[in-house]
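Worksheet: the structure to be examined is printed underneath.
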Amino acid sequence: MAGLTIDRRGFMAVCLAGSGGLALGFPLFAPGEALAAGTAFRPNAILAIGNDGAITATVPYAEMGQGAMTSIAMLVAEELEVTPGAVRTMLAPGDNRLYAHPVLGEQITGGSASLRGSWGPIRKAAAAARVMLIEAAARQWRVNAGDCALEDGQVVHLPSKRRASFGALALAASTMPVPSDPPVRTSGFRVIGTSAPRVDAAAKVDGSALFGLDVRLPGMVYAAVQACPVIGGKLGSVDAKPALAVSGVTQLVTLSNAVAVVGRHTGAARKGLAMIEPHWEGGSSTLSTADLVSKADAALDRKGATAYAKGDVAKAFAEAAGRFEADYRMPMLAHAAMEPLNCTVEVRDGACEIWVGSQVPGRARIEVAKALGLGEDRVKVNSYLIGGGFGRRLQSEWIVQAAMIARQVKGPVKVVWSREEDTRQDAYRYHNHSRVKVALDAQGHPVAFDHRIVAPPIMLWFLPSLLWKDGVDIDATNAASGPYEFPNLLVDYVRDDPPDGLLVGNWRGVGETRNGFVVETVMDQLAAKAGADPVDYRRRLLPPHSRIRALLDRLAAESRWGSPLPPGTTRGIAIQSGFGSHMGLVAQVRMADGKVRVERMTAVIDCGIAVNPNVVKQQIEGGLLFGLTATLYSNITIRDGRVVESNFHDNPVVRMVNTPKIDVIIIDSKEEPGGVGEPGTSIVAPAIVNAVFAATGKPLHQLPLPPSMVERV
Amino acid sequence: MALCAAALVFAASAAWSTGPGGTAAPVTPLRPVASFEGIRDPAKRSAALFAEAGKVIQSPRCLNCHPAARIPTQGDEMRQHVPLMVATDGNHGPRGLPCATCHGADNAPTFAAGIASVPGNAHWQLAPVEMAWQGLNLPGICAQLKDPRRNGSRSLDQIVTHMKTDHLVGWAWNPGAGRTSAPGTQEGFGALIEAWVKTGAHCPAA
Amino acid sequence: MEDAVKLKVNDKIHEIDAEPDTPLLWVLRDIVGLTGTKFGCGAALCGACTVHVDHEPRRSCVLPVSAVGNANVLTIEGVGATPIGKAVQDAWLQTEVVQCGYCQTGQIMQAVALLTANPAPDDGAIDRAMSGNICRCGTYPRIRAAIHAAAKQGVA
């Protein structure tokens with residue numbers, strides 16, 4: 001079992017780089033309770049300083065481009081007076097007990113919550129290390145700890161200029177008392193707030209960065225897999241011979257609903273898979289997108305569970321001078337990350353080792369243990385970089401699939417999904433419908449807002465303890481009335497389950513994406529009805545002196561809202577509060593021959609302290625373009641029980657040639673950092689659709705834009 | 001029980017043109033030259049021969065690379081090339097992104113369930129701008145073919161040789177998995193063009 | 001080893017045991033062991049697998065290894081040794097292009113091909129040569145800026 005034993009000591013020895021040193025383990029949910037490690041290793045070390053002076057921070061989150069490694073290195077560097085580049089980062093293995101997110105309660109990278117989870121605990125861990133290093137030096141030198149400070153990776157006694165390196169002090173520091181609440185820097189930041197270079201950039205530019213797809217192990221074989229293309233169907237029979245006739249193919253493996261071909265390299269495995277003709281059985285073979293849309297439409301007529309209620313909506317409608325009503329429809333979406341799903345697994349001697357990039361590695365460990373009938377401690381999940389997550393890797397069914405294949409294969413096997421499989425077996429963003437009714441006063445201002453949300457119960461399955469309450473999906477109903485203050489409000493939630501066998505899940509921007517589109521396009525229609533400017537109309541509904549109102553004014557100024565535009569060109573605005581941040585976007589659109597061309601996007605974000613303004617800008621730029629793809633193109637459809645789209649030719653994405661000019665403005669703030677990964681995505685559709693509305697005068701109540709309005713490139 | 005034999009390469013690849021579960025259309029035959037002998041009037045016979053050859057000329061296999069704009073089209077529905085491809089100055093793609101970036105000397109199978117193969121030929125290129133066929137009707141194409149200023153300074157005999165023997169023209173009958181072949185054969189097509197020239201190279205009426 | 005062929009990658013010869021129709025991508029990644037070249041779509045639609053074959057860009061996911069012949073395959077692992085490759089990689093770092101980073105090796109190989117053919121491309125020329133490469137993190141504006149920055153180095 002050597003090599004497959006779950007040996008945390010061995011794992012920690014790597015990051016301690018020696019036999020002794022300081023390792024601080026902070027369960028992230030209890031930041032005040034630091035655990036000192038003497039010469040004994042601590043498996044849950046978040047921060048370790050080796051006796052060679054190496055500072056290693058364990059990143060409990062997935063790195064999928066959002067900059068988790070960089071921001072954690074920066075938080076540590078801030079307290080230890082080193083450069084972020086001096087902090088080595090390593091991705092934590094899957095372990096829900098050791099690496100749980102303080103709010104989400106599990107090792108989950110999602111909801112734009114990584115930095116918000118590490119902001120307190122990581123700085124406390126580093127601050128404790130600082131206090132203990134200084135204390136160790138002061139005792140050695142018999143001086144007052146208050147006269148010592150950190151400089152360039154050393155402890156310095158300021159009066160005497162005497163110095164000692166972190167490495168020389170690490171062992172002694174580990175025996176010092178652990179401060180229960182060490183002070184962290186709250187102002188005068190040296191690292192926080194700078195655009196420090198990303199710590200992962202160099203390896204991603206020279207090709208040495210290791211994503212899950214890049215795992216190489218001795219004796220490894222490769223598998224190509226196809227699951228039943230009919231939703232909910234099973235594998236009937238398959239003739240293995242044509243696959244086994246392909247040079248390099250070694251084996252054909254069957255699962256209840258899938259078939260995999262194993263070979264000496266992925267090319268052989270893929271060719272072998274292309275040669276077989278599996279017979280599939282059962283499933284919803286007559287299902288079509290139209291069926292799902294009708295079902296969600298029918299749900300709009302049912303009363304749902306109340307998510308929010310304020311005032312007397314019925315009375316307000318009875319007394320209203322006017323009313324507005326609209327039904328909204330949003331399609332099924334795929335994630336289409338650049339790295340197709342892949343997972344390497346070895347099952348041997350009653351244990352299982354996994355090499356994968358997952359947004360939920362702790363949960364994946366539990367699910368695989370269950371599927372294989374093993375104890376959780378017999379499953380180890382090694383974490384790798386992720387080539388785009390966007391919520392797809394919050395599911396683990398593909399990791400379980402790889403483990404079920406690996407169980408039948410000798411040695412480690414890397415299971416690689418084709419792009420077609422990645423598109424057709426996604427955990428889709430499901431159909432979302434909304435019905436909005438607004439009661440208006442004589443001036444056309446809303447007196448009551450009634451929003452019925454039809455959505456699948458994602459949170460019932462994903463995070464029920466936190467985000468499912470009294471029959472309401474708290475994510476789906478989040479931000480259902482935008483940042484506005486309505487005197488009378490009703491939000492109700494109608495659960496709309498997807499058909500059996502169709503996997504649905506989280507998608508970048510989650511609830512805000514569906515609701516931001518609805519609420520913000522309603523706002524522009526109400527403004528038009530009232531004959532008001534969209535910015536003015538919104539402003540009077542926002543709490544005075546609020547961050548979102550300040551943001552709206554800043555956005556209007558930055559976008560030169562109201563200034564003349566060339567003929568055929570219009571602007572559209574949207575704002576939102578979500579993920580602990582506030583965000584606004586003005587999209588500038590040119591309409592020619594009925595086609596929409598998005599020319600420019602001006603974004604303003606208030607995300608509190610921008611730990612790394614460059615990373616914030618990256619996330620907003622990227623979020624906007626991710627949302628632009630969905631606004632222009634994305635629409636996963638089902639025909640005869642199968643997903644129709646398969647690759648980038650029929651599930652197109654924005655490319656460089658249709659990328660608009662983007663400006664991102666970050667508002668200076670001293671508030672706690674907010675999330676930045678998702679706000680950019682959720683704000684795009686309403687801003688563009690409002691710009692199109694301004695051009696055509698015809699409101700659009702569904703996504704994506706009608707194909708007749710969109711040029712394919 | 002729904003039996004769905006997923007012939008990965010063929011059935012699924014048809015999504016490109018006909019949607020999942022569809023199958024590639026069988027090759028449409030071309031009428032042989034002899035079948036036109038009943039048309040007494042040589043000019044009418046000539047025009048009829050060209051009209052028959054036009055089934056090939058106006059097939060997506062040929063039209064896709066004879067676009068009206070300098071952007072090729074793809075598939076039987078002749079949608080704009082994905083990813084964006086612009087001929088720019090030459091006929092071989094923009095600088096830094098030649099056709100050969102994706103199109104090799106032969107059709108390349110993908111061994112995948114989406115696009116079954118990427119088409120290829122050693123001379124893969126866009127037809128020159130003056131040979132644009134999309135947007136023209138068959139008489140217009142006929143006039144272009146006969147016009148040395150717009151046909152690459154070819155004589156009619158050279159046109160015949162080109163149509164009969166050119167390897168890139170021949171690709172239309174060997175377009176790779178997942179793609180509908182041009183009607184008939186290159187031999188049959190060449191014979192129709194040859195007969196058309198011999199009968200005076202008359203164009204069909206507009 | 002009846003399938004064995006010789007393959008020159010980054011000026012080094014490898015003995016390859018694979019069928020002639022095996023896409024170069026898998027030979028590079030799984031047999032030679034150079035994993036910087038990525039798999040994105042398998043159908044020349046995304047550019048993640050871009051390498052150079054005798055100085056010309058090629059999508060290795062649809063290039064049969066037999067088609068390479070005696071040519072030299074240049075991959076991301078070798079491109080930094082060329083002046084343009086070095087300039088492009090430096091510009092990528094200066095411009096802070098990368099997010100998830102998965103597509104970036106293909107983007108860099110495509111950008112090097114562009115600058116080799118066109119040392120001073122304008123925005124339109126960049127868009128035309130780079131729109132075959134997909135990035136889902138949305139780094140396009142920075143890629144464009146980095147290509148301009150590398151062009152200004154004038155090494156091409």
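Ordered as shown in the structure tokens, chains take letters A, B, and onward, while each chain numbers its residues from 1 and ligands are numbered from 1 in the order shown.
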Can you pull out every residue from range 363-478 of chain A that DSSP, working from the backbone, puts in alpha helix (DSSP H), and format the result as a count of residues only?
35
Residues of chain C near chain B: apply a cut-off of 9 Å, count only C-alpha atoms, and supply the list as a VMD selection string.
chain C and resid 21 23 42 to 46 50 52 56 to 64 67 110 to 118 125 128 to 133
Compile a residue-level contact table for chain A against chain B at a cut-off of 8 Å, reporting for every qualifying residue the shortest atom pair and its distance in Å to one decimal, with only C-alpha atoms counted, rows ordered by chain and ascending number, as a tab-separated table.
```
residue	atom	partner	partner_atom	distance
A:Arg270	CA	B:Phe111	CA	6.0
A:Lys271	CA	B:Phe111	CA	5.2
A:Leu273	CA	B:Phe111	CA	7.7
A:Ala274	CA	B:Phe111	CA	5.3
A:Met275	CA	B:Leu8	CA	7.4
A:Ile276	CA	B:Ala7	CA	7.1
A:Glu277	CA	B:Ala7	CA	5.1
A:Pro278	CA	B:Ala5	CA	5.8
A:His279	CA	B:Ala5	CA	4.9
A:Trp280	CA	B:Cys4	CA	5.5
A:Glu281	CA	B:Ala2	CA	5.3
A:Gly282	CA	B:Ala2	CA	5.3
A:Gly283	CA	B:Ala2	CA	7.6
A:Ser285	CA	B:Ala2	CA	6.8
A:Ser418	CA	B:Ala112	CA	7.2
A:Glu420	CA	B:Gly114	CA	6.1
A:Arg639	CA	B:Pro20	CA	8.0
A:Arg642	CA	B:Pro20	CA	7.9
A:Val644	CA	B:Pro20	CA	6.4
A:Glu645	CA	B:Ala15	CA	7.9
A:Ser646	CA	B:Gly114	CA	5.6
A:Asn647	CA	B:Gly114	CA	6.4
A:His649	CA	B:Val82	CA	6.1
A:Asp650	CA	B:Trp16	CA	7.8
A:Arg712	CA	B:Gln80	CA	7.4
A:Val713	CA	B:Leu84	CA	5.5
```
File of the preceding selection, C-alpha atoms, as a compact mmCIF listing (two decimals), in the first residue's frame:
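Done, and the output landed in selection-v7.txt:
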```txt
# COMPACT_ATOMS: atom_id res chain seq x y z
CA ARG A 270 -10.66 8.18 -28.43
CA LYS A 271 -10.30 6.25 -31.69
CA LEU A 273 -14.47 4.80 -28.59
CA ALA A 274 -15.32 6.13 -32.05
CA MET A 275 -15.30 2.59 -33.44
CA ILE A 276 -17.96 1.08 -31.18
CA GLU A 277 -21.71 1.32 -31.46
CA PRO A 278 -23.17 0.95 -27.99
CA HIS A 279 -26.86 0.14 -27.67
CA TRP A 280 -28.52 2.38 -25.14
CA GLU A 281 -31.78 1.61 -23.41
CA GLY A 282 -34.55 3.62 -21.85
CA GLY A 283 -34.44 7.24 -20.85
CA SER A 285 -36.21 9.54 -25.59
CA SER A 418 -14.33 14.82 -25.14
CA GLU A 420 -18.78 16.76 -27.01
CA ARG A 639 -34.36 16.97 -29.08
CA ARG A 642 -30.62 14.21 -26.39
CA VAL A 644 -28.28 18.78 -29.52
CA GLU A 645 -25.20 21.00 -29.14
CA SER A 646 -21.79 19.38 -29.01
CA ASN A 647 -18.82 21.66 -29.54
CA HIS A 649 -19.39 25.36 -33.62
CA ASP A 650 -22.93 24.88 -32.37
CA ARG A 712 -22.28 34.54 -35.56
CA VAL A 713 -18.50 34.75 -35.64
```
Please tabulate, as CSV, the residues of chain C that come within 8 Å of chain A, each with its closest pair of atoms and the distance in Å to one decimal, counting only C-alpha atoms and ordering rows by chain, then residue number upward.
```
residue,atom,partner,partner_atom,distance
C:Ala18,CA,A:Gly248,CA,7.3
C:Glu19,CA,A:Ser247,CA,6.7
C:Thr22,CA,A:Gly267,CA,5.6
C:Pro23,CA,A:Gly267,CA,6.5
C:Trp26,CA,A:Gly267,CA,5.5
C:Val27,CA,A:Gly267,CA,7.7
C:Arg29,CA,A:Asp214,CA,8.0
C:Asp30,CA,A:His265,CA,5.6
C:Ile31,CA,A:His265,CA,7.1
C:Thr35,CA,A:Asp214,CA,5.6
C:Gly36,CA,A:Gly207,CA,4.0
C:Thr37,CA,A:Gly207,CA,7.3
C:Phe39,CA,A:Glu339,CA,7.1
C:Gly40,CA,A:Met338,CA,5.6
C:Cys41,CA,A:Arg419,CA,5.0
C:Gly42,CA,A:Arg419,CA,7.0
C:Leu45,CA,A:Phe648,CA,6.3
C:Cys46,CA,A:Phe648,CA,7.4
C:Ile76,CA,A:Gly207,CA,5.9
C:Glu77,CA,A:Gly207,CA,6.1
C:Gly80,CA,A:Asp206,CA,7.4
C:Gln89,CA,A:Val205,CA,6.1
C:Trp92,CA,A:Val205,CA,7.2
C:Leu93,CA,A:Ala201,CA,6.7
C:Glu96,CA,A:Pro197,CA,7.1
C:Val98,CA,A:Ala201,CA,6.2
C:Gln99,CA,A:Gly65,CA,4.0
C:Cys100,CA,A:Gly65,CA,3.4
C:Gly101,CA,A:Lys204,CA,5.3
C:Tyr102,CA,A:Gly387,CA,4.8
C:Cys103,CA,A:Met338,CA,6.8
C:Gln104,CA,A:Val205,CA,6.6
C:Thr105,CA,A:Gly207,CA,6.1
C:Ile108,CA,A:Val205,CA,7.7
C:Asp127,CA,A:Val657,CA,5.0
C:Arg128,CA,A:Val657,CA,7.0
C:Met130,CA,A:Met656,CA,6.8
C:Ser131,CA,A:Met656,CA,5.2
C:Gly132,CA,A:Arg655,CA,7.6
C:Asn133,CA,A:Arg655,CA,7.4
C:Ile134,CA,A:Arg655,CA,6.0
C:Cys135,CA,A:Met338,CA,7.1
C:Arg136,CA,A:Ala337,CA,6.3
C:Cys137,CA,A:Gly622,CA,4.9
C:Gly138,CA,A:Gly622,CA,4.1
C:Thr139,CA,A:Gly622,CA,6.4
C:Tyr140,CA,A:Met656,CA,5.4
C:Pro141,CA,A:Thr659,CA,7.5
```
Excluding range 27-43 of chain B and its own-chain neighbours fewer than 6 positions away, which residues fall within 9 Å of it when counting only C-alpha atoms? Please give them as a ChimeraX atom specification.
/B:49,52-53,55-56,180-185,188-189,191-192,195,199-203
Using only C-alpha atoms, pick whichever of A:Ser256, A:Thr194, A:Ser396, A:Ser187 has the shortest atom-to-atom distance to Asn612 in chain A.
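Nearest to Asn612 in chain A: A:Thr194.
Minimum atom-to-atom distances from C:Asn70, C:Gln94, C:Gln107, C:Gln153 to His14 in chain C were compared using only C-alpha atoms, and the lowest value belongs to C:Asn70.
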List every residue of chain B that DSSP, applied to the backbone, labels as strand (DSSP E or B), and write the result as a list in words.
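So the strand (DSSP E or B) residues in chain B would be Thr73, Gln74, Arg79, Gln80, Ala108, Pro109, Ser117 and Val118 of chain B.
Distances from A:Ile405, A:Gln588, A:Ala298, A:Gly697 to Leu565 in chain A were compared using only C-alpha atoms, and the smallest one belongs to A:Gln588.
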Contact residues around Ala62 in chain A with only C-alpha atoms at 8 Å, ignoring same-chain residues under 3 positions, as a CSV table (one decimal) with all heavy atoms, in the first residue's frame:
```
chain,number,residue,atom,x,y,z
A,59,VAL,N,-3.5,26.6,0.2
A,59,VAL,CA,-4.7,27.3,-0.4
A,59,VAL,C,-5.9,26.3,-0.3
A,59,VAL,O,-5.9,25.3,-0.9
A,59,VAL,CB,-4.5,27.7,-1.8
A,59,VAL,CG1,-5.7,28.4,-2.4
A,59,VAL,CG2,-3.3,28.7,-1.9
A,68,ALA,N,-7.0,32.9,-6.4
A,68,ALA,CA,-7.0,32.5,-5.0
A,68,ALA,C,-5.5,32.3,-4.5
A,68,ALA,O,-5.2,32.8,-3.3
A,68,ALA,CB,-7.7,31.1,-4.8
A,91,LEU,N,-2.0,23.8,-3.3
A,91,LEU,CA,-3.5,23.6,-3.2
A,91,LEU,C,-3.8,22.5,-2.2
A,91,LEU,O,-3.1,21.4,-2.3
A,91,LEU,CB,-4.0,23.2,-4.6
A,91,LEU,CG,-3.8,24.3,-5.7
A,91,LEU,CD1,-4.2,23.7,-7.1
A,91,LEU,CD2,-4.6,25.5,-5.4
A,109,THR,N,-15.3,26.0,-3.4
A,109,THR,CA,-15.0,27.2,-4.0
A,109,THR,C,-16.1,27.6,-4.9
A,109,THR,O,-16.3,27.0,-6.0
A,109,THR,CB,-13.7,27.0,-4.9
A,109,THR,OG1,-12.7,26.4,-4.1
A,109,THR,CG2,-13.2,28.3,-5.5
A,357,GLY,N,-8.8,18.5,-10.5
A,357,GLY,CA,-9.1,19.9,-10.1
A,357,GLY,C,-10.6,19.9,-9.9
A,357,GLY,O,-11.4,19.7,-10.8
A,358,SER,N,-11.0,20.2,-8.6
A,358,SER,CA,-12.4,20.1,-8.2
A,358,SER,C,-12.7,21.4,-7.4
A,358,SER,O,-11.9,21.9,-6.6
A,358,SER,CB,-12.7,18.9,-7.4
A,358,SER,OG,-13.9,19.0,-6.7
A,359,GLN,N,-13.9,21.9,-7.5
A,359,GLN,CA,-14.4,23.0,-6.7
A,359,GLN,C,-14.9,22.5,-5.3
A,359,GLN,O,-15.1,23.3,-4.4
A,359,GLN,CB,-15.4,23.8,-7.4
A,359,GLN,CG,-14.9,24.6,-8.6
A,359,GLN,CD,-16.0,25.3,-9.3
A,359,GLN,OE1,-16.4,25.0,-10.4
A,359,GLN,NE2,-16.6,26.4,-8.8
A,383,SER,N,-5.2,17.9,-5.3
A,383,SER,CA,-5.8,19.0,-6.0
A,383,SER,C,-4.8,19.6,-7.1
A,383,SER,O,-3.7,19.7,-6.9
A,383,SER,CB,-6.2,20.1,-5.1
A,383,SER,OG,-7.2,19.6,-4.2
A,384,TYR,N,-5.4,19.9,-8.2
A,384,TYR,CA,-4.7,20.5,-9.4
A,384,TYR,C,-5.4,21.7,-9.8
A,384,TYR,O,-6.5,22.0,-9.5
A,384,TYR,CB,-4.6,19.5,-10.5
A,384,TYR,CG,-3.5,18.4,-10.2
A,384,TYR,CD1,-3.7,17.4,-9.3
A,384,TYR,CD2,-2.2,18.6,-10.7
A,384,TYR,CE1,-2.8,16.5,-9.0
A,384,TYR,CE2,-1.2,17.7,-10.4
A,384,TYR,CZ,-1.5,16.6,-9.6
A,384,TYR,OH,-0.5,15.7,-9.2
A,385,LEU,N,-4.6,22.5,-10.6
A,385,LEU,CA,-5.2,23.7,-11.2
A,385,LEU,C,-6.4,23.4,-12.1
A,385,LEU,O,-6.5,22.3,-12.7
A,385,LEU,CB,-4.2,24.4,-12.1
A,385,LEU,CG,-3.0,25.0,-11.4
A,385,LEU,CD1,-1.9,25.5,-12.4
A,385,LEU,CD2,-3.4,26.2,-10.5
A,386,ILE,N,-7.3,24.3,-12.2
A,386,ILE,CA,-8.6,24.0,-13.0
A,386,ILE,C,-8.6,25.0,-14.2
A,386,ILE,O,-8.4,26.2,-14.0
A,386,ILE,CB,-9.8,24.3,-12.1
A,386,ILE,CG1,-9.8,23.3,-11.0
A,386,ILE,CG2,-11.1,24.1,-13.0
A,386,ILE,CD1,-11.0,23.4,-10.0
```
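Of note, CA of Glu397 in chain A and CA of Ala455 in chain A are spaced 21.6 Å apart.
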Write out as a ChimeraX atom specification the residues lying within 10 Å of Ile57 in chain B, counting only C-alpha atoms and excluding same-chain residues fewer than 5 positions away.
/B:50-52,62-63,66,133,138,141-142,169,172,182-183,189
Within 9 Å of range 155-159 of chain B, counting only C-alpha atoms, which residues qualify if same-chain residues fewer than 3 places away don't, as a PyMOL selection string?
chain B and resi 145-148+151+162-164+193-194+197+201
Can you spit out the residues from that selection as a tab-separated table (two decimals), in the first residue's frame, using N, CA, C and O atoms?
```
chain	number	residue	atom	x	y	z
B	145	LEU	N	-17.31	31.49	-65.62
B	145	LEU	CA	-16.39	30.41	-65.98
B	145	LEU	C	-15.79	30.62	-67.36
B	145	LEU	O	-14.66	30.22	-67.63
B	146	LYS	N	-16.57	31.24	-68.24
B	146	LYS	CA	-16.11	31.42	-69.62
B	146	LYS	C	-15.26	32.68	-69.79
B	146	LYS	O	-14.63	32.87	-70.83
B	147	ASP	N	-15.26	33.54	-68.78
B	147	ASP	CA	-14.62	34.86	-68.90
B	147	ASP	C	-13.17	34.78	-68.41
B	147	ASP	O	-12.92	34.66	-67.21
B	148	PRO	N	-12.19	34.85	-69.34
B	148	PRO	CA	-10.79	34.69	-68.94
B	148	PRO	C	-10.34	35.71	-67.89
B	148	PRO	O	-9.43	35.43	-67.12
B	151	ASN	N	-11.69	33.84	-64.78
B	151	ASN	CA	-11.54	32.40	-64.55
B	151	ASN	C	-10.08	31.98	-64.43
B	151	ASN	O	-9.73	30.82	-64.63
B	162	HIS	N	-9.24	21.21	-65.81
B	162	HIS	CA	-9.31	21.56	-64.38
B	162	HIS	C	-10.44	20.80	-63.70
B	162	HIS	O	-10.25	20.15	-62.68
B	163	MET	N	-11.62	20.86	-64.28
B	163	MET	CA	-12.77	20.22	-63.66
B	163	MET	C	-12.62	18.70	-63.62
B	163	MET	O	-13.06	18.05	-62.68
B	164	LYS	N	-11.99	18.13	-64.66
B	164	LYS	CA	-11.86	16.68	-64.74
B	164	LYS	C	-10.80	16.13	-63.80
B	164	LYS	O	-10.94	15.03	-63.27
B	193	ILE	N	-18.88	18.71	-68.33
B	193	ILE	CA	-18.22	19.98	-68.67
B	193	ILE	C	-17.59	19.87	-70.07
B	193	ILE	O	-17.68	20.79	-70.89
B	194	GLU	N	-16.96	18.71	-70.31
B	194	GLU	CA	-16.33	18.50	-71.61
B	194	GLU	C	-17.38	18.56	-72.74
B	194	GLU	O	-17.19	19.24	-73.75
B	197	VAL	N	-18.54	22.11	-73.34
B	197	VAL	CA	-17.62	22.90	-74.15
B	197	VAL	C	-17.73	22.47	-75.61
B	197	VAL	O	-17.80	23.31	-76.51
B	201	ALA	N	-20.43	25.52	-75.36
B	201	ALA	CA	-20.37	26.19	-74.05
B	201	ALA	C	-21.46	27.25	-73.91
B	201	ALA	O	-21.21	28.39	-73.55
```
Residues near Trp398 in chain A, anyone? I mean within 9 Å using only C-alpha atoms, not counting same-chain ones fewer than 4 positions away, as a PyMOL selection string.
chain A and resi 341-343+393+402-403
Keeping only N, CA, C and O atoms, take the residues you just selected and write them out as a PDB file, in the first residue's frame.
```pdb
ATOM      1  N   LEU A 341     -13.693  18.119 -18.779  1.00  0.00           N
ATOM      2  CA  LEU A 341     -13.616  17.368 -17.534  1.00  0.00           C
ATOM      3  C   LEU A 341     -12.653  16.200 -17.684  1.00  0.00           C
ATOM      4  O   LEU A 341     -12.614  15.535 -18.720  1.00  0.00           O
ATOM      5  N   ASN A 342     -11.868  15.992 -16.663  1.00  0.00           N
ATOM      6  CA  ASN A 342     -10.928  14.873 -16.657  1.00  0.00           C
ATOM      7  C   ASN A 342     -10.569  14.562 -15.223  1.00  0.00           C
ATOM      8  O   ASN A 342     -10.612  15.438 -14.353  1.00  0.00           O
ATOM      9  N   CYS A 343     -10.210  13.303 -15.000  1.00  0.00           N
ATOM     10  CA  CYS A 343      -9.924  12.896 -13.634  1.00  0.00           C
ATOM     11  C   CYS A 343      -9.047  11.642 -13.688  1.00  0.00           C
ATOM     12  O   CYS A 343      -9.337  10.715 -14.444  1.00  0.00           O
ATOM     13  N   ARG A 393     -17.563  22.304 -11.785  1.00  0.00           N
ATOM     14  CA  ARG A 393     -16.823  21.385 -10.911  1.00  0.00           C
ATOM     15  C   ARG A 393     -17.272  21.491  -9.457  1.00  0.00           C
ATOM     16  O   ARG A 393     -16.557  21.098  -8.547  1.00  0.00           O
ATOM     17  N   ALA A 402     -15.192   8.416 -12.935  1.00  0.00           N
ATOM     18  CA  ALA A 402     -13.787   8.035 -13.166  1.00  0.00           C
ATOM     19  C   ALA A 402     -13.350   6.955 -12.179  1.00  0.00           C
ATOM     20  O   ALA A 402     -12.628   6.012 -12.539  1.00  0.00           O
ATOM     21  N   ALA A 403     -13.812   7.065 -10.942  1.00  0.00           N
ATOM     22  CA  ALA A 403     -13.449   6.061  -9.939  1.00  0.00           C
ATOM     23  C   ALA A 403     -14.070   4.707 -10.280  1.00  0.00           C
ATOM     24  O   ALA A 403     -13.438   3.655 -10.110  1.00  0.00           O
TER      25      ALA A 403
END
```
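CA of Val664 in chain A lies 15.9 Å from CA of Gly193 in chain A.
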Straight-line distance linking CA of Ala527 in chain A with CA of Pro483 in chain A, stated in Å to one decimal:
16.0 Å
Distance criterion (only C-alpha atoms): nearest to Pro60 in chain B out of B:Gln125, B:Asn91, B:Gln134, B:Ser46
B:Gln134
